[in-house]
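Raw contents of input-v2.pdb, PDB, C-alpha atoms:
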ATOM      1  CA  MET A  19      -8.215  22.113 -25.892
ATOM      2  CA  TYR A  20      -9.756  20.571 -22.802
ATOM      3  CA  VAL A  21     -12.386  22.317 -20.762
ATOM      4  CA  LEU A  22     -14.401  21.249 -17.755
ATOM      5  CA  SER A  23     -18.084  22.146 -18.016
ATOM      6  CA  ILE A  24     -19.879  21.642 -14.749
ATOM      7  CA  ASP A  25     -23.183  22.737 -13.245
ATOM      8  CA  ARG A  26     -23.186  25.507 -10.688
ATOM      9  CA  SER A  27     -25.133  23.263  -8.285
ATOM     10  CA  ILE A  28     -22.376  20.637  -8.335
ATOM     11  CA  ILE A  29     -19.646  23.242  -7.817
ATOM     12  CA  ASP A  30     -21.632  24.646  -4.906
ATOM     13  CA  ALA A  31     -21.922  21.161  -3.368
ATOM     14  CA  ILE A  32     -18.186  20.534  -3.777
ATOM     15  CA  VAL A  33     -17.337  23.890  -2.195
ATOM     16  CA  ALA A  34     -19.754  23.184   0.674
ATOM     17  CA  HIS A  35     -18.054  19.818   1.235
ATOM     18  CA  ALA A  36     -14.612  21.434   1.230
ATOM     19  CA  ARG A  37     -15.763  24.116   3.694
ATOM     20  CA  ARG A  38     -17.385  21.513   5.940
ATOM     21  CA  ASP A  39     -14.186  19.470   6.230
ATOM     22  CA  HIS A  40     -11.824  22.454   6.448
ATOM     23  CA  PRO A  41      -9.069  22.481   7.781
ATOM     24  CA  ASP A  42      -8.847  18.820   6.740
ATOM     25  CA  GLU A  43      -8.700  18.109   3.029
ATOM     26  CA  ALA A  44     -11.978  16.998   1.455
ATOM     27  CA  CYS A  45     -12.231  14.682  -1.553
ATOM     28  CA  GLY A  46     -14.759  13.094  -3.840
ATOM     29  CA  VAL A  47     -15.918  12.216  -7.307
ATOM     30  CA  VAL A  48     -18.436  13.485  -9.812
ATOM     31  CA  ALA A  49     -19.608  10.615 -11.986
ATOM     32  CA  GLY A  50     -21.032  10.931 -15.474
ATOM     33  CA  ALA A  51     -22.076   8.667 -18.320
ATOM     34  CA  VAL A  52     -19.149   6.894 -19.980
ATOM     35  CA  GLY A  53     -17.781   8.978 -22.832
ATOM     36  CA  SER A  54     -20.050  11.953 -22.123
ATOM     37  CA  ASP A  55     -17.381  14.056 -20.361
ATOM     38  CA  THR A  56     -20.316  15.484 -18.410
ATOM     39  CA  PRO A  57     -20.232  15.320 -14.608
ATOM     40  CA  THR A  58     -23.713  14.706 -13.228
ATOM     41  CA  ARG A  59     -23.623  12.747  -9.959
ATOM     42  CA  HIS A  60     -21.707  14.211  -7.007
ATOM     43  CA  ILE A  61     -20.285  11.617  -4.613
ATOM     44  CA  PRO A  62     -18.516  13.097  -1.578
ATOM     45  CA  MET A  63     -15.956  10.575  -0.280
ATOM     46  CA  ASP A  64     -14.390  10.125   3.157
ATOM     47  CA  ASN A  65     -10.842  11.295   3.487
ATOM     48  CA  ALA A  66      -9.426   8.159   5.119
ATOM     49  CA  ALA A  67      -6.259  10.097   5.998
ATOM     50  CA  ARG A  68      -8.217  12.822   7.843
ATOM     51  CA  SER A  69      -5.333  15.167   7.321
ATOM     52  CA  MET A  70      -4.782  18.831   6.595
ATOM     53  CA  THR A  71      -2.135  17.965   4.002
ATOM     54  CA  PHE A  72      -3.091  14.581   2.597
ATOM     55  CA  TYR A  73      -6.180  12.853   1.310
ATOM     56  CA  GLU A  74      -6.887   9.282   0.443
ATOM     57  CA  PHE A  75     -10.064   7.523  -0.553
ATOM     58  CA  ASP A  76     -11.020   4.702   1.771
ATOM     59  CA  SER A  77     -10.242   1.643  -0.349
ATOM     60  CA  MET A  78     -13.466  -0.177   0.507
ATOM     61  CA  GLU A  79     -15.642   2.864  -0.106
ATOM     62  CA  GLN A  80     -13.838   3.348  -3.407
ATOM     63  CA  LEU A  81     -14.541  -0.242  -4.459
ATOM     64  CA  ARG A  82     -18.256   0.236  -3.750
ATOM     65  CA  VAL A  83     -18.419   3.566  -5.570
ATOM     66  CA  TRP A  84     -16.419   2.351  -8.595
ATOM     67  CA  ARG A  85     -18.600  -0.771  -8.895
ATOM     68  CA  ASP A  86     -21.691   1.357  -8.632
ATOM     69  CA  MET A  87     -20.425   3.580 -11.444
ATOM     70  CA  ASP A  88     -19.694   0.481 -13.505
ATOM     71  CA  ASP A  89     -23.251  -0.788 -13.009
ATOM     72  CA  ARG A  90     -24.631   2.576 -14.107
ATOM     73  CA  ASP A  91     -22.312   2.821 -17.134
ATOM     74  CA  GLU A  92     -20.635   5.794 -15.521
ATOM     75  CA  GLU A  93     -17.030   6.795 -15.040
ATOM     76  CA  PRO A  94     -15.279   9.277 -12.747
ATOM     77  CA  VAL A  95     -15.501  12.448 -14.854
ATOM     78  CA  VAL A  96     -14.229  14.660 -12.036
ATOM     79  CA  ILE A  97     -11.993  13.724  -9.112
ATOM     80  CA  TYR A  98     -11.750  16.583  -6.651
ATOM     81  CA  HIS A  99      -9.993  17.466  -3.457
ATOM     82  CA  SER A 100      -9.260  20.554  -1.450
ATOM     83  CA  HIS A 101      -6.037  22.213  -0.415
ATOM     84  CA  THR A 102      -6.708  24.052   2.800
ATOM     85  CA  ALA A 103      -3.615  26.204   3.218
ATOM     86  CA  THR A 104      -2.096  26.352  -0.246
ATOM     87  CA  GLU A 105      -3.136  27.160  -3.790
ATOM     88  CA  ALA A 106      -5.364  24.981  -5.946
ATOM     89  CA  TYR A 107      -2.558  23.474  -7.992
ATOM     90  CA  PRO A 108      -1.618  19.763  -8.112
ATOM     91  CA  SER A 109       1.189  18.865  -5.728
ATOM     92  CA  ARG A 110       3.884  16.369  -6.566
ATOM     93  CA  THR A 111       1.917  13.835  -4.539
ATOM     94  CA  ASP A 112      -1.220  14.559  -6.548
ATOM     95  CA  VAL A 113       0.683  13.968  -9.765
ATOM     96  CA  SER A 114       2.280  10.705  -8.632
ATOM     97  CA  PHE A 115      -1.070   9.282  -7.666
ATOM     98  CA  ALA A 116      -3.157  10.523 -10.578
ATOM     99  CA  GLY A 117      -4.415   7.253 -12.036
ATOM    100  CA  GLU A 118      -7.435   8.290 -14.068
ATOM    101  CA  PRO A 119      -6.119   9.769 -17.312
ATOM    102  CA  GLY A 120      -9.644  10.564 -18.500
ATOM    103  CA  ALA A 121     -10.644  12.487 -15.378
ATOM    104  CA  HIS A 122     -10.689  16.195 -14.702
ATOM    105  CA  TYR A 123      -8.722  16.754 -11.506
ATOM    106  CA  LEU A 124     -10.537  19.594  -9.769
ATOM    107  CA  LEU A 125      -8.831  21.399  -6.922
ATOM    108  CA  VAL A 126     -10.501  23.784  -4.520
ATOM    109  CA  SER A 127      -8.438  25.939  -2.205
ATOM    110  CA  THR A 128     -10.171  26.981   0.996
ATOM    111  CA  ARG A 129      -7.250  28.915   2.424
ATOM    112  CA  GLU A 130      -9.192  32.195   2.112
ATOM    113  CA  PRO A 131     -12.184  32.237   4.468
ATOM    114  CA  ASP A 132     -14.666  33.888   2.100
ATOM    115  CA  SER A 133     -13.544  32.993  -1.395
ATOM    116  CA  GLU A 134     -12.545  29.803  -3.137
ATOM    117  CA  GLU A 135      -9.998  29.205  -5.812
ATOM    118  CA  ILE A 136     -11.314  26.523  -8.200
ATOM    119  CA  ARG A 137      -9.055  25.104 -10.893
ATOM    120  CA  SER A 138      -9.105  22.020 -13.058
ATOM    121  CA  PHE A 139      -6.317  19.930 -14.532
ATOM    122  CA  ARG A 140      -5.633  16.914 -16.692
ATOM    123  CA  ILE A 141      -2.863  14.747 -15.312
ATOM    124  CA  VAL A 142      -1.598  12.190 -17.820
ATOM    125  CA  ASP A 143       1.710  10.346 -17.494
ATOM    126  CA  GLY A 144       2.901  12.842 -14.915
ATOM    127  CA  VAL A 145       2.166  15.849 -17.113
ATOM    128  CA  VAL A 146      -0.159  18.488 -15.651
ATOM    129  CA  THR A 147      -2.250  20.570 -18.047
ATOM    130  CA  GLU A 148      -4.539  23.241 -16.686
ATOM    131  CA  GLU A 149      -7.896  23.662 -18.369
ATOM    132  CA  PRO A 150     -10.607  26.293 -18.051
ATOM    133  CA  VAL A 151     -13.636  25.630 -15.865
ATOM    134  CA  ARG A 152     -16.998  26.580 -17.375
ATOM    135  CA  ILE A 153     -19.642  26.831 -14.717
ATOM    136  CA  VAL A 154     -23.055  26.266 -16.213
ATOM    137  CA  GLU A 155     -25.936  28.034 -14.539
ATOM    138  CA  ALA A 156     -28.910  25.692 -14.289
ATOM    139  CA  GLY A 157     -32.371  26.925 -15.129
ATOM    140  CA  VAL A 158     -31.152  29.633 -17.429
ATOM    141  CA  ASP A 159     -30.064  29.715 -21.026
ATOM    142  CA  PRO A 160     -27.590  26.812 -21.208
ATOM    143  CA  HIS A 161     -25.363  28.930 -23.408
ATOM    144  CA  ALA A 162     -25.081  31.578 -20.713
ATOM    145  CA  VAL A 163     -22.043  30.352 -18.877
ATOM    146  CA  GLN A 164     -19.245  31.935 -16.970
ATOM    147  CA  SER A 165     -15.730  31.013 -17.868
ATOM    148  CA  TYR A 166     -12.998  30.839 -15.294
ATOM    149  CA  MET A 167      -9.568  30.636 -16.702
ATOM    150  CA  PHE A 168      -6.367  30.729 -14.752
ATOM    151  CA  GLY A 169      -2.811  30.677 -15.916
ATOM    152  CA  GLN A 170      -3.895  30.209 -19.512
ATOM    153  CA  SER A 171      -3.245  32.053 -22.685
ATOM    154  CA  PRO A 172      -5.978  34.639 -23.129
ATOM    155  CA  ALA A 173      -8.486  32.815 -25.301
ATOM    156  CA  THR A 174     -11.129  33.642 -22.731
ATOM    157  CA  VAL A 175     -11.668  36.659 -20.575
ATOM    158  CA  ASP A 176     -10.900  36.188 -16.887
ATOM    159  CA  TYR A 177     -14.146  36.597 -15.096
ATOM    160  CA  GLU A 178     -14.630  38.378 -11.830
ATOM    161  CA  CYS A 179     -11.288  38.064 -10.165
ATOM    162  CA  SER A 180     -11.053  39.594  -6.761
ATOM    163  CA  GLY A 181      -8.152  41.883  -7.599
ATOM    164  CA  ARG A 182      -5.965  40.419  -4.895
TER
ATOM    165  CA  MET B  17     -11.802 -22.338 -14.159
ATOM    166  CA  ALA B  18      -9.704 -19.267 -13.944
ATOM    167  CA  ILE B  19      -9.437 -16.084 -11.969
ATOM    168  CA  GLU B  20     -11.150 -13.075 -13.462
ATOM    169  CA  VAL B  21      -9.130  -9.869 -13.254
ATOM    170  CA  ARG B  22     -10.691  -6.438 -13.770
ATOM    171  CA  ILE B  23      -8.258  -3.959 -15.271
ATOM    172  CA  PRO B  24      -8.575  -0.177 -14.734
ATOM    173  CA  THR B  25      -8.527   2.237 -17.667
ATOM    174  CA  ILE B  26      -4.962   3.361 -17.017
ATOM    175  CA  LEU B  27      -3.598  -0.198 -17.377
ATOM    176  CA  ARG B  28      -5.636  -1.318 -20.375
ATOM    177  CA  SER B  29      -2.801  -0.420 -22.694
ATOM    178  CA  TYR B  30      -1.214  -3.629 -21.391
ATOM    179  CA  THR B  31      -4.272  -5.762 -22.117
ATOM    180  CA  GLY B  32      -5.065  -4.570 -25.621
ATOM    181  CA  GLY B  33      -7.880  -2.486 -24.225
ATOM    182  CA  ALA B  34      -9.531  -5.414 -22.431
ATOM    183  CA  LYS B  35     -11.415  -4.516 -19.286
ATOM    184  CA  VAL B  36     -11.422  -8.073 -17.957
ATOM    185  CA  VAL B  37      -8.744 -10.731 -18.446
ATOM    186  CA  ASP B  38      -8.304 -14.227 -17.043
ATOM    187  CA  GLY B  39      -5.320 -15.528 -15.156
ATOM    188  CA  ALA B  40      -4.188 -18.292 -12.843
ATOM    189  CA  GLY B  41      -2.188 -18.587  -9.636
ATOM    190  CA  ASP B  42      -2.337 -19.755  -6.035
ATOM    191  CA  THR B  43      -1.466 -16.319  -4.708
ATOM    192  CA  LEU B  44      -1.825 -12.771  -5.981
ATOM    193  CA  GLY B  45       1.924 -12.733  -6.618
ATOM    194  CA  ASP B  46       1.658 -15.850  -8.795
ATOM    195  CA  LEU B  47      -1.328 -14.422 -10.633
ATOM    196  CA  LEU B  48       0.574 -11.249 -11.515
ATOM    197  CA  VAL B  49       3.508 -13.277 -12.856
ATOM    198  CA  ASP B  50       1.050 -15.295 -14.947
ATOM    199  CA  LEU B  51      -0.634 -12.139 -16.262
ATOM    200  CA  ASP B  52       2.706 -10.578 -17.085
ATOM    201  CA  SER B  53       3.563 -13.527 -19.338
ATOM    202  CA  ARG B  54       0.693 -12.485 -21.623
ATOM    203  CA  HIS B  55       0.471  -8.780 -20.803
ATOM    204  CA  ALA B  56       4.119  -7.798 -20.535
ATOM    205  CA  GLY B  57       4.749  -4.821 -18.287
ATOM    206  CA  LEU B  58       1.538  -5.091 -16.311
ATOM    207  CA  ARG B  59       3.208  -6.562 -13.235
ATOM    208  CA  GLY B  60       5.756  -3.759 -13.170
ATOM    209  CA  ARG B  61       2.943  -1.244 -12.737
ATOM    210  CA  LEU B  62       1.605  -3.115  -9.728
ATOM    211  CA  VAL B  63       4.707  -4.382  -7.936
ATOM    212  CA  THR B  64       7.681  -2.273  -6.852
ATOM    213  CA  GLU B  65      11.285  -3.187  -7.585
ATOM    214  CA  ALA B  66      11.516  -4.220  -3.937
ATOM    215  CA  GLY B  67       8.784  -6.757  -4.598
ATOM    216  CA  ALA B  68       5.944  -5.118  -2.700
ATOM    217  CA  LEU B  69       2.530  -4.123  -3.917
ATOM    218  CA  HIS B  70       2.662  -0.607  -5.303
ATOM    219  CA  ARG B  71       1.237   2.203  -3.217
ATOM    220  CA  PHE B  72      -0.548   3.719  -6.223
ATOM    221  CA  VAL B  73      -2.946   0.837  -6.763
ATOM    222  CA  ASN B  74      -5.644  -0.922  -4.784
ATOM    223  CA  VAL B  75      -6.119  -4.623  -5.430
ATOM    224  CA  TYR B  76      -9.131  -6.521  -4.185
ATOM    225  CA  VAL B  77      -9.886 -10.219  -4.041
ATOM    226  CA  ASN B  78     -13.641 -10.494  -4.319
ATOM    227  CA  ASP B  79     -14.739  -7.811  -1.827
ATOM    228  CA  GLU B  80     -11.560  -7.540   0.241
ATOM    229  CA  ASP B  81      -8.611  -5.195  -0.033
ATOM    230  CA  VAL B  82      -5.570  -7.481  -0.386
ATOM    231  CA  ARG B  83      -3.639  -5.312   2.060
ATOM    232  CA  PHE B  84      -5.739  -7.062   4.694
ATOM    233  CA  LEU B  85      -5.178 -10.491   3.127
ATOM    234  CA  GLY B  86      -1.395 -10.613   3.014
ATOM    235  CA  ALA B  87      -0.890  -8.422  -0.068
ATOM    236  CA  LEU B  88       1.020 -10.403  -2.727
ATOM    237  CA  ASP B  89       0.745 -13.512  -0.545
ATOM    238  CA  ALA B  90      -3.054 -13.346  -0.589
ATOM    239  CA  LYS B  91      -4.413 -16.797  -1.403
ATOM    240  CA  LEU B  92      -6.506 -17.222  -4.532
ATOM    241  CA  SER B  93      -8.917 -19.941  -5.616
ATOM    242  CA  ASP B  94     -10.445 -20.695  -8.988
ATOM    243  CA  GLY B  95     -13.487 -18.541  -9.532
ATOM    244  CA  ASP B  96     -12.163 -15.630  -7.465
ATOM    245  CA  SER B  97     -12.511 -12.190  -8.903
ATOM    246  CA  VAL B  98      -9.603  -9.763  -8.630
ATOM    247  CA  THR B  99     -10.227  -6.038  -9.110
ATOM    248  CA  ILE B 100      -7.461  -3.509  -9.665
ATOM    249  CA  LEU B 101      -8.206   0.193  -9.139
ATOM    250  CA  PRO B 102      -5.924   3.202  -9.120
ATOM    251  CA  ALA B 103      -5.601   4.404  -5.518
ATOM    252  CA  VAL B 104      -7.002   7.902  -5.271
ATOM    253  CA  ALA B 105      -4.833   9.978  -2.990
ATOM    254  CA  GLY B 106      -2.744  13.108  -2.904
ATOM    255  CA  GLY B 107      -2.744  16.361  -1.078
ATOM    256  CA  ALA B 108      -0.961  19.599  -0.505
ATOM    257  CA  PHE B 109       1.959  18.218   1.441
ATOM    258  CA  GLY B 110       3.758  17.146  -1.692
ATOM    259  CA  PHE B 111       5.260  20.494  -2.590
ATOM    260  CA  ALA B 112       8.355  21.140  -0.534
ATOM    261  CA  ALA B 113       7.872  18.628   2.214
ATOM    262  CA  ALA B 114       7.915  15.619  -0.077
ATOM    263  CA  ALA B 115      11.138  16.803  -1.652
ATOM    264  CA  ALA B 116      12.681  17.235   1.778
ATOM    265  CA  ILE B 117      11.455  13.856   2.952
ATOM    266  CA  SER B 118      12.586  12.065  -0.166
ATOM    267  CA  GLN B 119      16.165  12.916   0.768
ATOM    268  CA  HIS B 120      15.800  10.708   3.810
ATOM    269  CA  SER B 121      16.165   7.091   2.826
ATOM    270  CA  ALA B 122      13.859   6.039   5.630
ATOM    271  CA  ALA B 123      11.053   7.777   3.822
ATOM    272  CA  ALA B 124      12.103   6.816   0.316
ATOM    273  CA  ALA B 125       8.484   6.334  -0.528
ATOM    274  CA  ALA B 126       7.290   9.601   0.894
ATOM    275  CA  THR B 127       3.783   8.820  -0.149
ATOM    276  CA  SER B 128       3.791   5.250   1.045
ATOM    277  CA  SER B 129       2.507   5.711   4.566
ATOM    278  CA  HIS B 130       0.334   7.897   6.617
ATOM    279  CA  SER B 131       3.149   8.462   9.046
ATOM    280  CA  ALA B 132       5.091  10.111   6.248
ATOM    281  CA  ALA B 133       2.151  12.407   5.711
ATOM    282  CA  ALA B 134       1.974  13.090   9.416
ATOM    283  CA  ALA B 135       5.680  13.845   9.517
ATOM    284  CA  ALA B 136       5.193  16.226   6.648
ATOM    285  CA  THR B 137       2.592  18.086   8.634
ATOM    286  CA  SER B 138       5.256  19.249  11.036
ATOM    287  CA  SER B 139       7.084  20.961   8.208
ATOM    288  CA  HIS B 140       3.819  22.220   6.859
ATOM    289  CA  SER B 141       4.466  25.870   7.478
ATOM    290  CA  ALA B 142       7.659  25.576   5.484
ATOM    291  CA  ALA B 143       5.741  23.957   2.662
ATOM    292  CA  ALA B 144       3.092  26.633   2.790
ATOM    293  CA  ALA B 145       5.712  29.341   2.637
ATOM    294  CA  ALA B 146       7.348  27.643  -0.299
ATOM    295  CA  THR B 147       4.123  27.491  -2.212
ATOM    296  CA  SER B 148       3.020  31.031  -1.520
ATOM    297  CA  SER B 149       5.119  32.307  -4.376
ATOM    298  CA  HIS B 150       3.285  29.954  -6.733
ATOM    299  CA  GLY B 151       0.044  31.086  -5.167
ATOM    300  CA  ALA B 152       0.653  34.690  -6.036
ATOM    301  CA  ALA B 153       0.180  33.798  -9.692
ATOM    302  CA  ALA B 154      -3.361  32.663  -9.108
ATOM    303  CA  ALA B 155      -6.085  35.146  -8.493
ATOM    304  CA  ALA B 156      -8.678  34.008  -6.019
ATOM    305  CA  VAL B 157     -12.186  34.022  -7.318
ATOM    306  CA  SER B 158     -14.917  35.377  -5.173
ATOM    307  CA  GLN B 159     -17.718  32.902  -5.620
ATOM    308  CA  ARG B 160     -20.144  35.232  -3.995
ATOM    309  CA  SER B 161     -19.513  38.248  -6.136
ATOM    310  CA  ALA B 162     -19.334  36.096  -9.265
ATOM    311  CA  ALA B 163     -22.729  34.653  -8.456
ATOM    312  CA  ALA B 164     -24.107  38.102  -7.727
ATOM    313  CA  ALA B 165     -22.795  39.420 -11.008
ATOM    314  CA  ALA B 166     -24.498  36.569 -12.835
ATOM    315  CA  ARG B 167     -27.925  37.581 -11.600
TER
END

Once you've parsed the file, please lay out its structure as structure tokens.
Amino acid sequence: MYVLSIDRSIIDAIVAHARRDHPDEACGVVAGAVGSDTPTRHIPMDNAARSMTFYEFDSMEQLRVWRDMDDRDEEPVVIYHSHTATEAYPSRTDVSFAGEPGAHYLLVSTREPDSEEIRSFRIVDGVVTEEPVRIVEAGVDPHAVQSYMFGQSPATVDYECSGR
Amino acid sequence: MAIEVRIPTILRSYTGGAKVVDGAGDTLGDLLVDLDSRHAGLRGRLVTEAGALHRFVNVYVNDEDVRFLGALDAKLSDGDSVTILPAVAGGAFGFAAAAAISQHSAAAAATSSHSAAAAATSSHSAAAAATSSHGAAAAAVSQRSAAAAAR
């Protein structure tokens, strides 16, 4: 089964980006070494659509960033965007566009002012599969992680839900 | 000399896994026909049935987006480098609004223009209402309290 393991510091940076651009959708990439499945380099991208309901990478910025990843032997391990008024689940538009079968599609919902919903998905050939997100706390025992798991069979305990 | 074409991961099934292939043609359209003769099916992933460049991909000639160079009519010369990338786009509007829009032939490609996205914004509240039932299934995580609990 797939899982996204990602450092707390990167999640915090993604959430900060999403909050900064709210109510417009925010988007970006977290690059990592090819084949490592480990996101290490956070790259916030412009939302060329500057919209509350749509996001689109600027094609020229994307070319620069993708070339840069190529030069560093990296690939887009995570592609993220925010939904600002709806849940963090891929829309039909998200699914039609999903063109990186190896990437974790991370969605952050900022519709609640003081909490974020963070979920991750694989989108391959139009099929959406949710996966757990393991947030790794830096500077502590690397095995001490929190698991977030939504809409999954209970292989892992749901951690710290707000009870809403 | 030939034209070097960089193929994204998602289309490498058409090139036997090759990341870079060579092709020939005076325009991007010609190049894609040439590539399709050796990598059958590739062109169909890049060009719509109506004969336009697909919305889901970005194609560049050297450092330029071909949408600014005449799209499939973009002129090519030997030694040019063509890069294909999956366009990265999406967003919340897809839920109910896209379904509604897709019933209008004028917006057959609901995702094909920003104006479609803008139009969808006006029906945004309807879309939000439609998705709220899905949303109920997902518990919101309090980042703050989760972080506090971790300490």

Q.
Can you measure CA of Glu118 (chain A) to CA of Pro24 (chain B) for me? One decimal in Å is fine.
A.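 If I compute the distance from CA of Glu118 (chain A) to CA of Pro24 (chain B), I get 8.6 Å.
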
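The closest residue to chain B, picked from A:Ala49, A:Ile29, A:Ala36, A:Val146 and counting all atoms listed in the file, is A:Ile29.
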
Q: For each of A:Asp64, A:Glu74, A:Asp42, A:Glu149, take the minimum atom-to-atom distance to chain B, counting all atoms listed in the file, then give the residue where this is smallest.
A: A:Glu74

Q: Could you state which residues are captured by the PyMOL selection byres ((chain B and resi 25) around 8) in this file, as a list in words?
A: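 When the PyMOL selection byres ((chain B and resi 25) around 8) is applied to the shown file, the picked residues are Glu118 and Pro119 of chain A; Ile23, Pro24, Ile26, Leu27, Arg28 and Lys35 of chain B.
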
Nearby residues (all atoms listed in the file) at most 12 Å from Arg68 (chain A), same-chain spacing under 5 positions excluded, as a short mmCIF file (atom, residue, chain, number, x, y, z; two decimals) with C-alpha atoms, in the coordinates of the input:
data_model
loop_
_atom_site.label_atom_id
_atom_site.label_comp_id
_atom_site.auth_asym_id
_atom_site.auth_seq_id
_atom_site.Cartn_x
_atom_site.Cartn_y
_atom_site.Cartn_z
CA ASP A 39 -14.19 19.47 6.23
CA HIS A 40 -11.82 22.45 6.45
CA PRO A 41 -9.07 22.48 7.78
CA ASP A 42 -8.85 18.82 6.74
CA GLU A 43 -8.70 18.11 3.03
CA ALA A 44 -11.98 17.00 1.46
CA CYS A 45 -12.23 14.68 -1.55
CA MET A 63 -15.96 10.58 -0.28
CA TYR A 73 -6.18 12.85 1.31
CA GLU A 74 -6.89 9.28 0.44
CA PHE A 75 -10.06 7.52 -0.55
CA ASP A 76 -11.02 4.70 1.77
CA ALA B 105 -4.83 9.98 -2.99
CA GLY B 107 -2.74 16.36 -1.08
CA HIS B 130 0.33 7.90 6.62
CA ALA B 133 2.15 12.41 5.71
CA ALA B 134 1.97 13.09 9.42
#

Missing atoms in region 117-123 of chain A need filling: write out all heavy atoms for it as a short mmCIF file (atom, residue, chain, number, x, y, z; two decimals), in the frame of the given file.
data_model
loop_
_atom_site.label_atom_id
_atom_site.label_comp_id
_atom_site.auth_asym_id
_atom_site.auth_seq_id
_atom_site.Cartn_x
_atom_site.Cartn_y
_atom_site.Cartn_z
N GLY A 117 -4.30 8.51 -11.30
CA GLY A 117 -4.42 7.25 -12.04
C GLY A 117 -5.62 7.17 -12.95
O GLY A 117 -5.96 6.10 -13.43
N GLU A 118 -6.28 8.29 -13.17
CA GLU A 118 -7.44 8.29 -14.07
C GLU A 118 -7.16 9.29 -15.19
O GLU A 118 -7.51 10.47 -15.09
CB GLU A 118 -8.72 8.67 -13.31
CG GLU A 118 -9.18 7.64 -12.29
CD GLU A 118 -9.84 6.41 -12.91
OE1 GLU A 118 -9.95 6.34 -14.16
OE2 GLU A 118 -10.23 5.50 -12.15
N PRO A 119 -6.54 8.83 -16.27
CA PRO A 119 -6.12 9.77 -17.31
C PRO A 119 -7.28 10.49 -17.98
O PRO A 119 -7.10 11.56 -18.57
CB PRO A 119 -5.38 8.88 -18.31
CG PRO A 119 -5.79 7.48 -18.00
CD PRO A 119 -6.14 7.45 -16.54
N GLY A 120 -8.49 9.92 -17.87
CA GLY A 120 -9.64 10.56 -18.50
C GLY A 120 -10.33 11.57 -17.60
O GLY A 120 -11.26 12.25 -18.03
N ALA A 121 -9.91 11.65 -16.34
CA ALA A 121 -10.64 12.49 -15.38
C ALA A 121 -10.15 13.93 -15.37
O ALA A 121 -9.01 14.21 -15.71
CB ALA A 121 -10.52 11.90 -13.98
N HIS A 122 -11.06 14.82 -15.01
CA HIS A 122 -10.69 16.20 -14.70
C HIS A 122 -10.33 16.22 -13.22
O HIS A 122 -11.16 15.85 -12.38
CB HIS A 122 -11.86 17.15 -14.93
CG HIS A 122 -12.42 17.14 -16.32
ND1 HIS A 122 -12.01 18.03 -17.30
CD2 HIS A 122 -13.35 16.34 -16.91
CE1 HIS A 122 -12.68 17.78 -18.42
NE2 HIS A 122 -13.49 16.76 -18.21
N TYR A 123 -9.12 16.63 -12.91
CA TYR A 123 -8.72 16.75 -11.51
C TYR A 123 -9.03 18.18 -11.04
O TYR A 123 -8.36 19.12 -11.44
CB TYR A 123 -7.24 16.42 -11.32
CG TYR A 123 -7.01 14.92 -11.36
CD1 TYR A 123 -6.79 14.26 -12.57
CD2 TYR A 123 -7.06 14.16 -10.20
CE1 TYR A 123 -6.62 12.88 -12.61
CE2 TYR A 123 -6.89 12.78 -10.23
CZ TYR A 123 -6.66 12.16 -11.44
OH TYR A 123 -6.49 10.78 -11.47
#
